[in-house]
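Participant: Structure: entry-v2.txt, compact mmCIF, C-alpha atoms.
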# COMPACT_ATOMS: atom_id res chain seq x y z
CA MET B 1 84.47 87.55 49.60
CA SER B 2 84.90 84.59 51.95
CA ASP B 3 81.41 83.50 51.04
CA SER B 4 82.37 82.97 47.42
CA TRP B 5 85.66 81.10 47.92
CA PRO B 6 85.15 77.36 48.38
CA LEU B 7 86.85 75.29 51.06
CA TRP B 8 89.69 72.86 50.26
CA GLU B 9 91.24 70.08 52.33
CA VAL B 10 95.03 69.93 52.35
CA PHE B 11 97.19 66.80 52.50
CA ILE B 12 100.98 66.97 52.85
CA ARG B 13 103.64 64.32 52.42
CA GLY B 14 106.64 64.83 54.64
CA LYS B 15 110.29 64.12 54.05
CA ARG B 16 110.30 60.44 54.87
CA GLY B 17 108.32 59.22 51.91
CA LEU B 18 105.24 58.52 54.00
CA ASN B 19 101.60 58.85 53.07
CA HIS B 20 100.04 62.22 52.49
CA VAL B 21 98.55 63.34 55.81
CA HIS B 22 95.58 65.64 56.26
CA VAL B 23 96.88 68.86 57.86
CA GLY B 24 93.95 71.26 57.58
CA SER B 25 91.81 73.25 55.22
CA LEU B 26 91.75 76.63 53.50
CA HIS B 27 89.75 78.89 51.22
CA SER B 28 90.70 79.39 47.60
CA PRO B 29 89.01 80.45 44.36
CA ASP B 30 90.22 77.41 42.39
CA ALA B 31 92.45 74.33 42.49
CA GLU B 32 95.62 76.01 41.21
CA MET B 33 95.45 78.76 43.81
CA ALA B 34 94.48 76.22 46.49
CA LEU B 35 97.75 74.40 45.84
CA ARG B 36 99.69 77.63 46.19
CA ASN B 37 97.78 78.72 49.26
CA ALA B 38 98.47 75.32 50.81
CA ARG B 39 102.16 75.80 50.12
CA ASP B 40 102.03 79.18 51.85
CA VAL B 41 99.87 78.21 54.80
CA TYR B 42 101.04 74.68 55.59
CA THR B 43 104.66 74.28 54.46
CA ARG B 44 106.24 77.42 55.89
CA ARG B 45 108.35 75.45 58.34
CA ASN B 46 109.91 72.95 55.99
CA GLU B 47 107.23 70.31 56.52
CA GLY B 48 106.46 69.08 53.06
CA THR B 49 107.68 67.65 49.79
CA SER B 50 104.30 67.08 48.15
CA ILE B 51 100.85 68.61 48.48
CA TRP B 52 97.39 67.41 47.54
CA VAL B 53 94.33 69.64 47.67
CA VAL B 54 90.80 68.29 47.47
CA PRO B 55 87.54 70.27 47.35
CA SER B 56 85.95 69.79 50.77
CA ALA B 57 82.60 69.35 49.04
CA GLN B 58 83.99 66.24 47.32
CA ILE B 59 84.62 64.47 50.62
CA THR B 60 81.89 62.11 51.75
CA ALA B 61 82.12 61.69 55.52
CA SER B 62 80.58 59.18 57.89
CA SER B 63 78.03 60.84 60.12
CA PRO B 64 78.17 60.94 63.93
CA GLU B 65 74.71 59.32 64.07
CA GLU B 66 76.08 56.27 62.28
CA LYS B 67 78.97 55.89 64.72
CA ASP B 68 77.52 52.88 66.51
CA SER B 69 76.51 50.88 63.47
CA PHE B 70 79.76 51.69 61.70
CA PHE B 71 82.31 51.02 64.40
CA THR B 72 80.88 48.95 67.26
CA SER B 73 81.40 45.68 65.44
CA SER B 74 85.17 46.13 65.27
CA ALA B 75 85.62 47.25 68.86
CA ASP B 76 86.01 43.77 70.39
CA LYS B 77 87.97 41.97 67.66
CA VAL B 78 91.52 42.36 68.88
CA TYR B 79 92.55 39.30 66.84
CA ARG B 80 92.33 41.43 63.71
CA HIS B 81 95.58 43.11 64.70
CA PRO B 82 98.61 41.24 63.29
CA THR B 83 100.20 41.21 66.76
CA PHE B 84 101.69 37.75 66.40
CA TYR B 85 104.37 38.93 63.97
CA VAL B 86 107.67 40.55 64.80
CA VAL B 87 108.43 43.40 62.40
CA ALA B 88 112.09 43.78 61.56
CA GLU B 89 113.56 47.10 62.65
CA GLU B 90 114.84 47.74 59.14
CA ILE B 91 111.27 47.92 57.84
CA PRO B 92 109.81 51.13 59.20
CA HIS B 93 106.43 52.69 58.59
CA ILE B 94 104.35 49.54 58.23
CA MET P 1 105.12 50.87 62.34
CA PRO P 2 102.56 53.60 62.92
CA THR P 3 103.75 56.71 64.69
CA GLU P 4 101.84 57.73 67.79
CA ASN P 5 101.44 61.25 66.47
CA LEU P 6 100.66 61.96 62.84
CA PHE P 7 102.64 65.19 62.87
CA LYS P 8 105.73 63.27 63.90
CA ALA P 9 105.61 61.70 60.46
CA LEU P 10 106.15 65.17 59.03
CA VAL P 11 109.38 66.01 60.82
CA ARG P 12 112.84 64.72 60.16
CA GLU P 13 115.22 62.77 62.33
CA ASP P 14 117.42 65.81 62.84
CA ASP P 15 114.59 67.53 64.70
CA ASN P 16 115.95 70.52 66.55
CA GLY P 17 112.86 70.69 68.71
CA GLN P 18 112.32 74.34 67.88
CA TRP P 19 108.99 74.04 66.13
CA ALA P 20 105.77 72.19 66.68
CA PHE P 21 106.54 70.32 63.47
CA GLY P 22 108.64 70.90 60.42
CA THR P 23 112.38 71.00 60.94
CA GLY P 24 115.60 70.25 59.12
CA PHE P 25 116.48 73.90 58.56
CA THR P 26 119.76 74.57 56.80
CA ASP P 27 121.75 77.72 56.16
CA GLY P 28 123.05 77.24 52.64
CA LEU P 29 125.27 80.30 52.92
CA ALA P 30 127.04 79.25 56.12
CA ARG P 31 130.13 77.83 54.46
CA VAL P 32 130.45 80.15 51.47
CA ASP P 33 133.79 81.87 50.84
CA ARG P 34 133.22 85.50 51.86
CA GLY P 35 136.45 86.90 50.44
CA VAL P 36 136.27 89.91 48.13
CA PRO P 37 137.23 88.75 44.60
CA GLU P 38 140.63 89.89 43.39
CA GLY P 39 140.75 93.28 41.71
CA VAL P 40 137.27 94.32 42.85
CA ASP P 41 136.84 97.73 44.43
CA ARG P 42 135.46 97.24 47.93
CA ALA P 43 133.43 100.46 47.84
CA ASP P 44 131.78 99.41 44.57
CA LEU P 45 130.98 95.95 45.89
CA ALA P 46 129.46 97.39 49.06
CA GLU P 47 127.41 99.88 47.05
CA TYR P 48 126.10 97.12 44.78
CA CYS P 49 125.09 94.96 47.72
CA LEU P 50 123.39 98.00 49.20
CA MET P 51 121.36 98.48 46.00
CA LEU P 52 120.15 94.88 45.88
CA GLY P 53 119.68 94.78 49.67
CA ASP P 54 117.66 98.00 49.80
CA ASP P 55 115.41 96.79 46.97
CA ALA P 56 114.62 93.74 49.08
CA LEU P 57 114.31 95.52 52.43
CA ILE P 58 112.04 98.33 51.24
CA TYR P 59 109.83 96.04 49.17
CA ALA P 60 109.58 93.56 52.04
CA GLN P 61 108.34 96.39 54.26
CA ARG P 62 105.75 97.40 51.67
CA LEU P 63 104.50 93.83 51.23
CA SER P 64 104.24 93.29 54.98
CA GLU P 65 101.77 96.20 55.15
CA TRP P 66 99.22 93.81 53.61
CA CYS P 67 99.37 91.47 56.58
CA SER P 68 95.82 91.31 58.03
CA LYS P 69 94.50 93.47 55.17
CA ALA P 70 94.53 91.07 52.19
CA PRO P 71 91.24 89.74 50.77
CA GLU P 72 91.74 86.39 52.54
CA ILE P 73 93.95 85.11 55.34
CA GLU P 74 95.60 82.78 52.83
CA GLU P 75 96.72 85.80 50.83
CA ASP P 76 97.92 87.55 54.01
CA ILE P 77 100.22 84.63 54.60
CA ALA P 78 101.32 84.40 50.96
CA LEU P 79 102.37 88.06 50.87
CA ALA P 80 104.03 87.81 54.29
CA ASN P 81 105.99 84.76 53.07
CA ILE P 82 107.21 86.69 50.06
CA ALA P 83 108.14 89.63 52.29
CA LEU P 84 110.11 87.30 54.56
CA ASP P 85 111.97 85.78 51.61
CA LEU P 86 112.99 89.28 50.57
CA LEU P 87 113.89 90.23 54.13
CA GLY P 88 116.18 87.20 54.08
CA HIS P 89 117.90 88.59 50.98
CA ALA P 90 118.17 92.01 52.63
CA ARG P 91 119.80 90.61 55.77
CA VAL P 92 122.48 88.75 53.81
CA LEU P 93 123.15 91.72 51.53
CA LEU P 94 123.23 94.42 54.22
CA ALA P 95 125.45 92.23 56.39
CA ARG P 96 127.72 91.91 53.36
CA VAL P 97 127.81 95.72 52.99
CA ALA P 98 128.95 96.09 56.60
CA GLU P 99 131.45 93.27 56.18
CA VAL P 100 133.00 94.69 53.00
CA ARG P 101 133.09 98.22 54.43
CA GLU P 102 134.38 96.89 57.74
CA GLU P 103 131.92 99.25 59.39
CA GLY P 104 128.55 98.94 61.15
CA ASP P 105 126.11 96.05 60.79
CA GLU P 106 122.86 95.13 59.04
CA ASP P 107 120.70 96.75 61.73
CA ALA P 108 122.58 100.04 61.58
CA LEU P 109 122.08 100.08 57.81
CA ALA P 110 118.38 99.23 58.01
CA TYR P 111 117.40 101.48 60.90
CA TRP P 112 119.77 104.44 61.02
CA ARG P 113 119.85 105.69 57.44
CA ASP P 114 117.46 108.32 56.07
CA ALA P 115 115.71 108.30 52.70
CA PRO P 116 118.51 109.93 50.61
CA GLN P 117 120.92 107.21 51.78
CA PHE P 118 118.73 104.37 50.50
CA ARG P 119 119.73 102.91 47.12
CA ASN P 120 116.56 101.01 46.17
CA VAL P 121 114.75 101.47 42.88
CA ARG P 122 111.65 103.61 43.31
CA LEU P 123 109.37 100.75 42.23
CA ALA P 124 110.09 99.08 45.58
CA GLU P 125 108.97 102.03 47.72
CA LEU P 126 105.70 103.02 45.99
CA ASP P 127 102.62 103.00 48.18
CA LEU P 128 100.30 100.75 46.16
CA GLY P 129 97.97 99.83 48.98
CA PRO P 130 96.48 98.63 51.20
CA GLY P 131 94.81 101.97 51.70
CA PRO P 132 94.31 104.89 49.34
CA GLY P 133 97.71 104.41 47.64
CA GLY P 134 96.47 101.52 45.54
CA ASP P 135 94.80 98.14 45.72
CA PHE P 136 95.44 94.42 45.47
CA ALA P 137 95.63 94.54 41.67
CA ALA P 138 98.32 97.25 41.73
CA THR P 139 100.15 95.21 44.35
CA MET P 140 100.12 92.18 42.04
CA ALA P 141 101.21 94.36 39.09
CA ARG P 142 104.28 95.48 41.04
CA LEU P 143 104.99 91.95 42.25
CA LEU P 144 104.91 90.71 38.66
CA LEU P 145 107.26 93.42 37.38
CA PHE P 146 109.61 93.35 40.38
CA SER P 147 109.92 89.57 40.57
CA SER P 148 110.30 89.13 36.79
CA TRP P 149 113.13 91.67 36.86
CA ARG P 150 114.82 90.38 40.00
CA LEU P 151 114.57 86.78 38.82
CA ALA P 152 116.32 87.67 35.55
CA ILE P 153 119.05 89.50 37.52
CA PHE P 154 119.49 86.72 40.11
CA THR P 155 119.61 83.97 37.48
CA ARG P 156 122.66 85.69 35.97
CA LEU P 157 124.10 86.76 39.33
CA ALA P 158 124.35 83.07 40.28
CA GLY P 159 127.46 83.07 38.08
CA SER P 160 129.07 86.02 39.89
CA ARG P 161 132.75 85.90 40.85
CA ASP P 162 131.65 87.00 44.31
CA ARG P 163 130.87 83.65 45.93
CA LEU P 164 128.43 85.06 48.45
CA LEU P 165 126.43 86.97 45.82
CA ALA P 166 126.44 83.85 43.63
CA ALA P 167 125.18 81.61 46.46
CA LEU P 168 122.50 84.09 47.53
CA ALA P 169 121.36 84.54 43.93
CA ALA P 170 121.13 80.79 43.30
CA LYS P 171 118.98 80.30 46.41
CA GLY P 172 117.04 83.52 45.89
CA ALA P 173 116.17 82.70 42.28
CA LYS P 174 114.17 79.68 43.47
CA GLU P 175 112.25 81.85 45.92
CA ILE P 176 111.61 84.61 43.40
CA THR P 177 110.36 82.04 40.88
CA TYR P 178 107.54 81.40 43.33
CA HIS P 179 106.91 85.13 43.85
CA ARG P 180 106.58 85.60 40.11
CA ASP P 181 104.28 82.62 39.85
CA HIS P 182 102.05 84.02 42.59
CA ALA P 183 101.78 87.36 40.79
CA THR P 184 101.23 85.63 37.46
CA GLN P 185 98.33 83.59 38.84
CA TRP P 186 96.58 86.70 40.11
CA VAL P 187 97.27 88.92 37.10
CA ILE P 188 95.77 86.25 34.84
CA ARG P 189 92.73 85.77 37.06
CA LEU P 190 92.07 89.47 37.43
CA GLY P 191 92.90 90.39 33.83
CA ALA P 192 90.84 87.61 32.28
CA GLY P 193 88.16 87.77 34.98
CA THR P 194 85.24 90.19 34.97
CA SER P 195 85.16 93.56 33.21
CA TYR P 196 85.51 95.15 36.67
CA SER P 197 88.55 93.08 37.69
CA ARG P 198 90.07 93.73 34.26
CA ALA P 199 89.68 97.50 34.72
CA ARG P 200 91.29 97.35 38.19
CA MET P 201 94.15 95.18 36.89
CA THR P 202 94.73 97.55 33.97
CA ALA P 203 94.84 100.53 36.34
CA GLY P 204 97.27 98.65 38.58
CA LEU P 205 99.65 97.93 35.71
CA ASP P 206 99.43 101.53 34.53
CA ALA P 207 100.50 102.62 38.02
CA VAL P 208 103.77 100.68 37.85
CA TRP P 209 104.85 101.08 34.21
CA PRO P 210 106.35 104.57 34.76
CA TYR P 211 108.85 102.97 37.18
CA ALA P 212 109.91 100.14 34.87
CA GLU P 213 112.65 101.77 32.78
CA GLU P 214 114.57 102.67 35.94
CA LEU P 215 115.01 98.93 36.57
CA PHE P 216 117.04 98.50 33.40
CA ALA P 217 119.19 101.65 33.57
CA PRO P 218 122.70 100.58 34.58
CA HIS P 219 124.31 102.59 37.39
CA PRO P 220 128.05 103.26 36.96
CA VAL P 221 128.74 100.90 39.88
CA GLU P 222 126.80 98.13 38.13
CA THR P 223 128.61 98.80 34.86
CA ARG P 224 132.06 98.63 36.50
CA LEU P 225 131.26 95.47 38.48
CA ALA P 226 129.55 93.79 35.53
CA ALA P 227 132.76 94.25 33.51
CA GLN P 228 134.57 92.36 36.28
CA GLY P 229 132.10 89.48 36.31
CA VAL P 230 130.69 90.41 39.73
CA ALA P 231 127.43 92.25 39.00
CA VAL P 232 124.71 92.00 36.35
CA ASP P 233 124.18 94.90 33.96
CA PRO P 234 120.39 95.37 34.25
CA ALA P 235 120.19 96.57 30.64
CA THR P 236 120.99 93.00 29.57
CA VAL P 237 117.77 91.59 31.10
CA ARG P 238 115.34 94.10 29.59
CA THR P 239 114.40 92.00 26.54
CA GLU P 240 113.90 88.88 28.64
CA VAL P 241 111.72 90.66 31.21
CA LEU P 242 109.64 92.33 28.49
CA GLY P 243 109.12 88.91 26.93
CA VAL P 244 107.96 87.38 30.21
CA LEU P 245 105.59 90.25 30.94
CA THR P 246 104.17 90.20 27.43
CA GLU P 247 103.48 86.48 27.69
CA VAL P 248 101.77 86.76 31.08
CA LEU P 249 99.67 89.72 29.94
CA ALA P 250 98.65 87.82 26.80
CA HIS P 251 97.36 85.00 29.03
CA ALA P 252 95.55 87.65 31.06
CA GLU P 253 94.01 89.02 27.83
CA LEU P 254 95.68 92.36 28.49
CA PRO P 255 97.81 94.53 26.16
CA PRO P 256 101.62 94.22 26.33
CA PRO P 257 103.55 96.36 28.82
CA ALA P 258 103.78 100.06 28.06
CA PHE P 259 107.07 101.19 29.60
CA VAL P 260 107.20 104.96 29.79
CA PRO P 261 110.66 106.55 29.97
CA ASP P 262 110.61 109.31 32.56
CA GLY P 263 113.93 110.99 31.77
CA GLU P 264 115.78 110.15 34.97
CA PRO P 265 117.89 107.03 34.37
CA HIS P 266 118.41 105.81 37.96
CA PRO P 267 117.14 108.29 40.58
CA GLY P 268 116.49 105.64 43.26
CA ARG P 269 120.00 104.24 42.96
CA ASP P 270 121.34 107.77 43.57
CA GLY P 271 119.11 108.38 46.59
CA GLU P 272 116.45 110.42 44.84
CA HIS P 273 113.20 108.90 46.01
CA THR P 274 109.49 109.56 45.85
CA GLU P 275 107.72 111.18 48.78
CA GLU P 276 106.37 107.76 49.66
CA LEU P 277 109.66 106.40 51.03
CA GLY P 278 109.77 108.74 54.04
CA PRO P 279 106.59 107.53 55.75
CA LEU P 280 107.62 103.92 55.11
CA LEU P 281 110.97 104.49 56.84
CA ASP P 282 109.26 106.39 59.69
CA GLU P 283 107.21 103.32 60.49
CA MET P 284 109.98 100.76 59.91
CA GLN P 285 112.50 102.66 62.03
CA SER P 286 110.24 104.15 64.69
CA LEU P 287 110.76 101.57 67.41
CA VAL P 288 114.53 101.36 67.07
CA ARG P 289 114.85 105.13 67.04
CA ALA P 290 112.52 105.59 70.01
CA MET P 291 114.32 102.92 72.04
CA PRO P 292 117.87 102.46 70.72
CA GLY P 293 119.39 99.15 71.67
CA ALA P 294 116.07 97.67 72.82
CA THR P 295 115.88 93.87 72.70
CA TRP P 296 113.07 91.40 73.30
I need this file expressed as structure tokens, please.
Facilitator:
Amino acid sequence: MSDSWPLWEVFIRGKRGLNHVHVGSLHSPDAEMALRNARDVYTRRNEGTSIWVVPSAQITASSPEEKDSFFTSSADKVYRHPTFYVVAEEIPHI
Amino acid sequence: MPTENLFKALVREDDNGQWAFGTGFTDGLARVDRGVPEGVDRADLAEYCLMLGDDALIYAQRLSEWCSKAPEIEEDIALANIALDLLGHARVLLARVAEVREEGDEDALAYWRDAPQFRNVRLAELDLGPGPGGDFAATMARLLLFSSWRLAIFTRLAGSRDRLLAALAAKGAKEITYHRDHATQWVIRLGAGTSYSRARMTAGLDAVWPYAEELFAPHPVETRLAAQGVAVDPATVRTEVLGVLTEVLAHAELPPPAFVPDGEPHPGRDGEHTEELGPLLDEMQSLVRAMPGATW
């Protein structure tokens, strides 16, 4: 039966109003059940307030072979970090 | 600013450090007034809590039998979650029994009674699988009937004069809404699925219908407490539950429920059970009875 149930990626938003974060994957026959399975598998310990599920097949991923051409260029450009600003303590999660 | 660990973004400030992530647990019943409402017979109140508590305890044990045997690990966890919700109800209710009786505790009630002393409806104890007793479809049929009925009861019980019952029912109703939704999703998928899944779903529903009327037969204890605004007379939820079931089954392209009266109004509530309760209790109670007082 596992062979016929597609894989879904699960994203959960926690209590602080942050972004949805990828927490794992699961098998489910369709989107509605995937949402419920995600609730059961990934929010059992009071982690979440919102869930997204996405068919794993719909995710286009960068390939390990492309790692160098994709990421080498940014490795030595520290000036791209906005490190010259002081972020006020009252503004979290930036 | 970015957190150093993504999972830290998922926990709350009042992290109690108990879990890898996910915290902020609260006990909504901690500050509820536990006094027995004026004019209410303590023995009746204890008996009523025992009925609702045994329904939850015995059904939780049945559901937990699916753990590691469901079609998928996701479904293992879903059924175990539902079982744990019900076990939570059972703990509150059996503790209330001991408190009102001023005798024993929840463990003594769960582990040291025999079948005739249990007050659950027979629907809760039926062996509907895994194994030769039934299958996943029958399990979903029972979950649909049980949760539709219990949700209707708990929704009304949230207005009980007994503050603890009211608080438990208000919290429990939210949980049972999810249980009913889970069953609904599967009954629709199986009923409106293939001709094979439809046949299995139909057989599953037919296995539980004979135990439906018992759910709506008021026990004298329920009748007395309902008159005092403490309990819910189950006869008053029959129309609503039938309506819910009929609607779900219509979505599943299945005929409406066929409740079959079996003559006995409330055998489970009076301790008359099927032969299937004994083996369930044997397993549930075996460790405690083999090693009384054992801790781990």
Participant: Please find the residues of chain B near chain P - the criterion being any atom within 12 Å, counting only C-alpha atoms - and write them as a ChimeraX atom specification.
Facilitator: /B:1-8,11-50,82-83,86-94
Participant: Please determine the residues with any atom at most 12 Å from (108.9, 101.3, 57.8) (coordinates as given in the file, with all atoms listed in the file counting) and report them as a PyMOL selection string.
Facilitator: chain P and resi 57-65+110-115+125+127+276-289
Participant: Calculate how many Å separate atom CA of Asp41 of chain P from atom CA of Gly271 of chain P, rounding to one decimal.
Facilitator: 20.8 Å
Participant: In Å, with one decimal, what is the gap from atom CA of Leu50 of chain P to atom CA of Pro257 of chain P?
Facilitator: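 Atom-to-atom, atom CA of Leu50 of chain P to atom CA of Pro257 of chain P, that is 28.5 Å.
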Participant: Got a sec: who's within 7 Å of segment 232-243 of chain P, counting all atoms listed in the file, leaving out chain neighbours fewer than 3 positions off, as a PyMOL selection string?
Facilitator: chain P and resi 148-149+152-153+156-157+215-218+222-223+226+246-247
Participant: In Å, how far is it from atom CA of Leu123 of chain P to atom CA of Glu214 of chain P?
Facilitator: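 Those two atoms sit 8.4 Å apart.
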Participant: Which is closest to Arg42 of chain P among P:Leu84, P:Val97, P:His251, P:Ala199, if we use all atoms listed in the file?
Facilitator: P:Val97
Participant: Which residues are close to Arg163 of chain P, i.e. within 7 Å by only C-alpha atoms, leaving aside same-chain residues fewer than 6 positions away? Reply as JSON, numbers by chain.
Facilitator: {"P": [32, 33, 34]}
Participant: Within 8 Å of Ala212 of chain P, counting only C-alpha atoms, which residues qualify if same-chain residues fewer than 6 places away don't, as a PyMOL selection string?
Facilitator: chain P and resi 123+145+259-260
Participant: The selected residues should be written to file as a PDB file, in the coordinates of the input (atoms: C-alpha atoms).
Facilitator:
ATOM      1  CA  LEU P 123     109.370 100.750  42.230  1.00  0.00           C
ATOM      2  CA  LEU P 145     107.260  93.420  37.380  1.00  0.00           C
ATOM      3  CA  PHE P 259     107.070 101.190  29.600  1.00  0.00           C
ATOM      4  CA  VAL P 260     107.200 104.960  29.790  1.00  0.00           C
TER       5      VAL P 260
END
Participant: Can you rebuild segment 209-218 of chain P with all heavy atoms and give it as a PDB file, in the frame of the given file?
Facilitator:
ATOM      1  N   TRP P 209     104.034 100.948  35.430  1.00  0.00           N
ATOM      2  CA  TRP P 209     104.850 101.080  34.210  1.00  0.00           C
ATOM      3  C   TRP P 209     105.809 102.261  34.235  1.00  0.00           C
ATOM      4  O   TRP P 209     106.937 102.166  33.749  1.00  0.00           O
ATOM      5  CB  TRP P 209     103.971 101.135  32.956  1.00  0.00           C
ATOM      6  CG  TRP P 209     103.206  99.898  32.600  1.00  0.00           C
ATOM      7  CD1 TRP P 209     101.980  99.852  31.997  1.00  0.00           C
ATOM      8  CD2 TRP P 209     103.579  98.521  32.777  1.00  0.00           C
ATOM      9  NE1 TRP P 209     101.569  98.545  31.805  1.00  0.00           N
ATOM     10  CE2 TRP P 209     102.533  97.714  32.277  1.00  0.00           C
ATOM     11  CE3 TRP P 209     104.682  97.881  33.335  1.00  0.00           C
ATOM     12  CZ2 TRP P 209     102.562  96.316  32.300  1.00  0.00           C
ATOM     13  CZ3 TRP P 209     104.728  96.495  33.370  1.00  0.00           C
ATOM     14  CH2 TRP P 209     103.674  95.732  32.857  1.00  0.00           C
ATOM     15  N   PRO P 210     105.406 103.442  34.776  1.00  0.00           N
ATOM     16  CA  PRO P 210     106.350 104.570  34.760  1.00  0.00           C
ATOM     17  C   PRO P 210     107.654 104.300  35.534  1.00  0.00           C
ATOM     18  O   PRO P 210     108.623 105.028  35.362  1.00  0.00           O
ATOM     19  CB  PRO P 210     105.554 105.703  35.423  1.00  0.00           C
ATOM     20  CG  PRO P 210     104.123 105.342  35.213  1.00  0.00           C
ATOM     21  CD  PRO P 210     104.088 103.841  35.286  1.00  0.00           C
ATOM     22  N   TYR P 211     107.664 103.255  36.370  1.00  0.00           N
ATOM     23  CA  TYR P 211     108.850 102.970  37.180  1.00  0.00           C
ATOM     24  C   TYR P 211     109.660 101.799  36.624  1.00  0.00           C
ATOM     25  O   TYR P 211     110.599 101.330  37.257  1.00  0.00           O
ATOM     26  CB  TYR P 211     108.439 102.720  38.631  1.00  0.00           C
ATOM     27  CG  TYR P 211     107.746 103.916  39.212  1.00  0.00           C
ATOM     28  CD1 TYR P 211     106.363 104.067  39.110  1.00  0.00           C
ATOM     29  CD2 TYR P 211     108.488 104.939  39.801  1.00  0.00           C
ATOM     30  CE1 TYR P 211     105.731 105.205  39.594  1.00  0.00           C
ATOM     31  CE2 TYR P 211     107.868 106.081  40.286  1.00  0.00           C
ATOM     32  CZ  TYR P 211     106.486 106.204  40.184  1.00  0.00           C
ATOM     33  OH  TYR P 211     105.881 107.330  40.656  1.00  0.00           O
ATOM     34  N   ALA P 212     109.270 101.329  35.421  1.00  0.00           N
ATOM     35  CA  ALA P 212     109.910 100.140  34.870  1.00  0.00           C
ATOM     36  C   ALA P 212     111.283 100.435  34.257  1.00  0.00           C
ATOM     37  O   ALA P 212     112.243  99.704  34.496  1.00  0.00           O
ATOM     38  CB  ALA P 212     108.992  99.494  33.824  1.00  0.00           C
ATOM     39  N   GLU P 213     111.389 101.509  33.487  1.00  0.00           N
ATOM     40  CA  GLU P 213     112.650 101.770  32.780  1.00  0.00           C
ATOM     41  C   GLU P 213     113.820 101.938  33.752  1.00  0.00           C
ATOM     42  O   GLU P 213     114.953 101.578  33.448  1.00  0.00           O
ATOM     43  CB  GLU P 213     112.524 102.995  31.873  1.00  0.00           C
ATOM     44  CG  GLU P 213     111.721 102.767  30.600  1.00  0.00           C
ATOM     45  CD  GLU P 213     112.355 101.747  29.638  1.00  0.00           C
ATOM     46  OE1 GLU P 213     113.436 101.208  29.940  1.00  0.00           O
ATOM     47  OE2 GLU P 213     111.739 101.492  28.589  1.00  0.00           O
ATOM     48  N   GLU P 214     113.525 102.485  34.933  1.00  0.00           N
ATOM     49  CA  GLU P 214     114.570 102.670  35.940  1.00  0.00           C
ATOM     50  C   GLU P 214     115.255 101.340  36.290  1.00  0.00           C
ATOM     51  O   GLU P 214     116.445 101.301  36.613  1.00  0.00           O
ATOM     52  CB  GLU P 214     113.955 103.303  37.197  1.00  0.00           C
ATOM     53  CG  GLU P 214     114.960 103.531  38.315  1.00  0.00           C
ATOM     54  CD  GLU P 214     114.301 104.067  39.584  1.00  0.00           C
ATOM     55  OE1 GLU P 214     113.111 104.429  39.553  1.00  0.00           O
ATOM     56  OE2 GLU P 214     114.990 104.116  40.609  1.00  0.00           O
ATOM     57  N   LEU P 215     114.479 100.249  36.206  1.00  0.00           N
ATOM     58  CA  LEU P 215     115.010  98.930  36.570  1.00  0.00           C
ATOM     59  C   LEU P 215     116.135  98.501  35.638  1.00  0.00           C
ATOM     60  O   LEU P 215     116.981  97.694  36.013  1.00  0.00           O
ATOM     61  CB  LEU P 215     113.895  97.876  36.541  1.00  0.00           C
ATOM     62  CG  LEU P 215     112.638  98.141  37.359  1.00  0.00           C
ATOM     63  CD1 LEU P 215     111.663  96.980  37.190  1.00  0.00           C
ATOM     64  CD2 LEU P 215     112.980  98.334  38.822  1.00  0.00           C
ATOM     65  N   PHE P 216     116.112  98.991  34.417  1.00  0.00           N
ATOM     66  CA  PHE P 216     117.040  98.500  33.400  1.00  0.00           C
ATOM     67  C   PHE P 216     118.158  99.494  33.074  1.00  0.00           C
ATOM     68  O   PHE P 216     118.946  99.273  32.169  1.00  0.00           O
ATOM     69  CB  PHE P 216     116.268  98.151  32.117  1.00  0.00           C
ATOM     70  CG  PHE P 216     115.112  97.216  32.376  1.00  0.00           C
ATOM     71  CD1 PHE P 216     113.804  97.676  32.344  1.00  0.00           C
ATOM     72  CD2 PHE P 216     115.349  95.893  32.701  1.00  0.00           C
ATOM     73  CE1 PHE P 216     112.741  96.824  32.609  1.00  0.00           C
ATOM     74  CE2 PHE P 216     114.297  95.032  32.975  1.00  0.00           C
ATOM     75  CZ  PHE P 216     112.990  95.503  32.930  1.00  0.00           C
ATOM     76  N   ALA P 217     118.170 100.625  33.809  1.00  0.00           N
ATOM     77  CA  ALA P 217     119.190 101.650  33.570  1.00  0.00           C
ATOM     78  C   ALA P 217     120.422 101.326  34.417  1.00  0.00           C
ATOM     79  O   ALA P 217     120.368 101.385  35.638  1.00  0.00           O
ATOM     80  CB  ALA P 217     118.644 103.025  33.936  1.00  0.00           C
ATOM     81  N   PRO P 218     121.539 100.963  33.782  1.00  0.00           N
ATOM     82  CA  PRO P 218     122.700 100.580  34.580  1.00  0.00           C
ATOM     83  C   PRO P 218     123.305 101.777  35.314  1.00  0.00           C
ATOM     84  O   PRO P 218     123.476 102.855  34.736  1.00  0.00           O
ATOM     85  CB  PRO P 218     123.681 100.033  33.528  1.00  0.00           C
ATOM     86  CG  PRO P 218     123.235 100.618  32.232  1.00  0.00           C
ATOM     87  CD  PRO P 218     121.761 100.846  32.338  1.00  0.00           C
TER      88      PRO P 218
END
